[in-house]
Amino acid sequence: MTLAAFNYHNPVELQFGAGSLARLPAIVQSLGGRRVLVVGDPGVLQAGLVGRVTQVLSAADIPHDVFTDIKSDPEVRSVDLGVAMAKQKGADMVVGIGGGSALDAAKAIALMITNEGNIRDFFGIDKVKRAGAPVIAIPTTGGTGSEVTVWSVLSDTENDLKVNIGSPFNYARVAILDPELTRSLPAHVTAATGMDALTHAVESYVNKSCHPMAEAVAEKAIRLIADNLRVAVAQGDHMEARGNMLIASSLAGMSFNRIRLGLVHAFALPLGNKFHIPHGLVNGIMLPAVMRFNLPGNLQKYAKIAELFGERIEGLSLREAAERSVHAVQQLKFDIGLTQTLADFGVTEAAFEAVIDETLTSGNIAINPRLPTRNDLAHMLQCGMRGTV
Ligand SMILES: [Fe+2]
C-alpha cells in the first residue's frame with residue numbers, strides 16, 4: 001500500500017530555556033517591532049508575569065502598552081477592545097503571554113492590525129487575507145499549543161457559540177518557552193492544561209489524517225507527558241518537569257495543527273459552552289471513555305500509547321495491549337488529582353440531546369478513528385458523568 005499524500009509545515013521559531021524571557025527585546029528588535037502591545041489575561045497579570053514582560057521591555061527602552069481585558073475562552077468583544085487599543089497606540093507587534101486564551105486573543109488582535117474589516121469576517125478556515133502584525137507567543141501553561149498552531153478559538157457570546165479562526169496567517173513568529181514562567185502555575189491548572197496537551201497528542205495520533213511527521217511529534221509528546229506531568233503537578237518548582245511539559249505541549253500542537261483532533265474535542269465545545277467547564281478539564285474527563293470507544297479503530301496506535309506510558313504489554317494480545325492505554329490514562333488522572341466528573345459541573349441527562357446535536361456538527365468527527373452513533377455518544381457522556389470508562 002502506498003502512503004497517503006500529506007503536507008507538513010510549521011514556521012514558528014522556538015526559543016526554549018529557563019530564563020529565555022530575557023531574549024525578548026532582541027527578538028522584538030530582530031522582527032522590526034517599534035511599539036509592542038502586550039496581551040495577557042487577568043490571571044497572568046495577577047501572577048506578576050505581565051509585569052515581568054513589561055520590565056524586560058522597559059529595561060530595553062522598547063515602547064509598549066498592556067491589554068489584559070481577557071476572560072478564559074476569550075470573547076470576540078475582547079479582541080475588538082484589544083484591536084482598538086493596538087490601533088490607538090500605534091502598536092506594530094503583539095506579545096502574547098498566558099494560557100491558550102491570551103495567546104489565541106493575541107494572535108487574533110495581531111491579525112486585525114493589518115487586515116481591513118472585522119474579526120467576525122475571518123471566522124472559519126483560510127478566511128484571513130494577509131499576514132497580521134508579528135506575534136511573539138509566551139505560553140505560561142503546558143497545554144494549549146496555541147504558540148505553534150494556526151488556530152484561535154474565541155467565544156461569540158452574542159450567539160452562544162465557540163468560533164475558530166484557522167489560517168496560516170495566524171501563526172506566531174516566535175514562541176518563547178521559559179519554564180520559569182510556569183513555576184507558579186497552580187497544581188490543578190497544571191493538571192488540567194497537561195490533560196489538554198495529552199488529548200491533543202492522542203487525538204491527532206490516532207485520527208484518520210495522521211501522517212508520519214505528526215506521528216513522530218505526537219509520540220514524543222505522549223512520552224514526555226507520561227514521564228513529566230505527575231512531577232510537574234506534585235512539585236511545581238521542578239523545572240525539568242515544567243520544561244518538558246512546555247516542550248510536550250508545543251509538540252502536541254505541532255501534531256494536531258493541520259490534521260486536527262477527534263471526538264474529545266468535538267465534545268469539548270458544547271460541554272465547555274453550555275456548562276463552562278474549563279477546556280483542559282472537560283478533555284481530561286472525556287478522554288478515557290473516548291479512547292475506550294475508539295480502540296477498535298486503531299488498535300496498533302493505542303497499543304503504542306500504552307507502551308509510551310510504560311505499561312507492561314509483553315505477552316499481551318494487541319487488543320489487550322491497546323486496552324492498557326485506557327488504564328494508563330485513568331491512572332495518570334488519579335495521580336494528578338483530576339477526579340471531577342461532568343455531574344460536578346451540573347451536566348444532567350436532560351442536556352444530552354443538545355450536547356450530542358452540537359458534538360455532531362464538529363469537523364473533528366469525520367476524522368475520528370471510529371464513527372459514533374447518537375447512542376455511542378450518550379454512552380460516553382454517561383461515562384463522563386460517572387468518571388468511568
Ligand atoms: Fe484542546
# chains A, B, ... in the order shown; residues from 1 in each chain; ligands from 1
>>> residues_near_ligand(ligand="ligand 1", cutoff="8 Å", atoms="only C-alpha atoms and all ligand atoms", output="JSON, numbers by chain")
{"A": [143, 144, 196, 197, 199, 200, 265, 279, 280, 283]}
>>> write_last_selection(atoms="C-alpha atoms", output="PDB file, in the first residue's frame")
ATOM      1  CA  GLY A 143      -1.394  22.896  27.467  1.00  0.00           C
ATOM      2  CA  THR A 144      -2.867  24.623  24.511  1.00  0.00           C
ATOM      3  CA  ASP A 196      -5.351  19.194  27.187  1.00  0.00           C
ATOM      4  CA  ALA A 197      -1.853  18.664  25.754  1.00  0.00           C
ATOM      5  CA  THR A 199      -5.575  14.959  24.443  1.00  0.00           C
ATOM      6  CA  HIS A 200      -4.079  16.931  21.533  1.00  0.00           C
ATOM      7  CA  HIS A 265     -12.563  17.966  21.244  1.00  0.00           C
ATOM      8  CA  HIS A 279     -11.234  23.207  28.396  1.00  0.00           C
ATOM      9  CA  GLY A 280      -8.434  21.054  29.812  1.00  0.00           C
ATOM     10  CA  ASN A 283     -10.925  16.939  27.856  1.00  0.00           C
TER      11      ASN A 283
END
>>> residues_around(residues="A:Val163", least_positions_apart="5", cutoff="10 Å", atoms="only C-alpha atoms", output="ChimeraX atom specification")
/A:75-76,120,122-124,152-157,269
>>> write_last_selection(atoms="N, CA and C atoms", output="compact mmCIF listing (two decimals), in the first residue's frame")
# COMPACT_ATOMS: atom_id res chain seq x y z
N GLU A 75 -13.62 36.33 24.57
CA GLU A 75 -14.79 36.77 23.83
C GLU A 75 -14.34 37.59 22.62
N VAL A 76 -15.16 37.55 21.60
CA VAL A 76 -14.89 38.35 20.41
C VAL A 76 -14.78 39.82 20.81
N ARG A 120 -14.95 39.22 12.87
CA ARG A 120 -16.02 38.28 12.54
C ARG A 120 -15.97 37.83 11.07
N PHE A 122 -13.46 36.78 9.65
CA PHE A 122 -12.40 35.78 9.48
C PHE A 122 -12.67 34.48 10.21
N PHE A 123 -13.88 34.35 10.78
CA PHE A 123 -14.25 33.09 11.43
C PHE A 123 -14.27 31.99 10.37
N GLY A 124 -13.69 30.83 10.72
CA GLY A 124 -13.65 29.73 9.77
C GLY A 124 -12.21 29.44 9.37
N SER A 152 -7.08 30.14 16.48
CA SER A 152 -7.54 30.91 17.63
C SER A 152 -8.97 30.46 17.89
N VAL A 153 -9.28 30.13 19.14
CA VAL A 153 -10.65 29.77 19.50
C VAL A 153 -11.22 30.92 20.32
N LEU A 154 -12.33 31.46 19.88
CA LEU A 154 -12.94 32.60 20.56
C LEU A 154 -14.39 32.25 20.93
N SER A 155 -14.95 33.02 21.87
CA SER A 155 -16.36 32.83 22.25
C SER A 155 -17.18 33.95 21.63
N ASP A 156 -18.17 33.55 20.88
CA ASP A 156 -19.12 34.51 20.34
C ASP A 156 -20.32 34.52 21.30
N THR A 157 -20.22 35.35 22.34
CA THR A 157 -21.23 35.30 23.41
C THR A 157 -22.59 35.79 22.92
N LEU A 269 -16.46 21.34 22.89
CA LEU A 269 -17.09 22.63 22.53
C LEU A 269 -18.45 22.80 23.20
>>> residues_around(residues="A:Gly236", least_positions_apart="4", cutoff="7 Å", atoms="only C-alpha atoms", output="ChimeraX atom specification")
/A:183-184,187,232
>>> select_by_dssp(residues="stretch 245-357 of chain A", states="helix (DSSP H, G or I)", output="JSON, numbers by chain")
{"A": [245, 246, 247, 248, 249, 250, 251, 252, 253, 254, 255, 256, 257, 258, 259, 263, 264, 265, 266, 267, 268, 269, 270, 271, 272, 273, 274, 275, 279, 280, 281, 282, 283, 284, 285, 286, 287, 288, 289, 290, 291, 292, 293, 294, 295, 296, 297, 299, 300, 301, 302, 303, 304, 305, 306, 307, 308, 318, 319, 320, 321, 322, 323, 324, 325, 326, 327, 328, 329, 330, 331, 332, 333, 334, 335, 342, 343, 344, 345, 349, 350, 351, 352, 353, 354, 355, 356, 357]}
>>> closest_residue(among="A:Met245, A:Val264, A:Ala192, A:Leu338", to="A:Ile367", atoms="only C-alpha atoms")
A:Val264
>>> residues_around(residues="A:Thr182", least_positions_apart="4", cutoff="7 Å", atoms="only C-alpha atoms", output="JSON list (two decimals) with N, CA and C atoms, in the first residue's frame")
[["chain", "number", "residue", "atom", "x", "y", "z"],
["A", 140, "THR", "N", 2.37, 30.17, 29.26],
["A", 140, "THR", "CA", 2.65, 30.01, 30.69],
["A", 140, "THR", "C", 1.94, 28.79, 31.27],
["A", 141, "THR", "N", 1.31, 28.00, 30.40],
["A", 141, "THR", "CA", 0.76, 26.71, 30.83],
["A", 141, "THR", "C", 1.29, 25.68, 29.85],
["A", 242, "ARG", "N", 8.66, 20.92, 34.40],
["A", 242, "ARG", "CA", 7.96, 22.07, 33.81],
["A", 242, "ARG", "C", 8.43, 22.30, 32.37]]
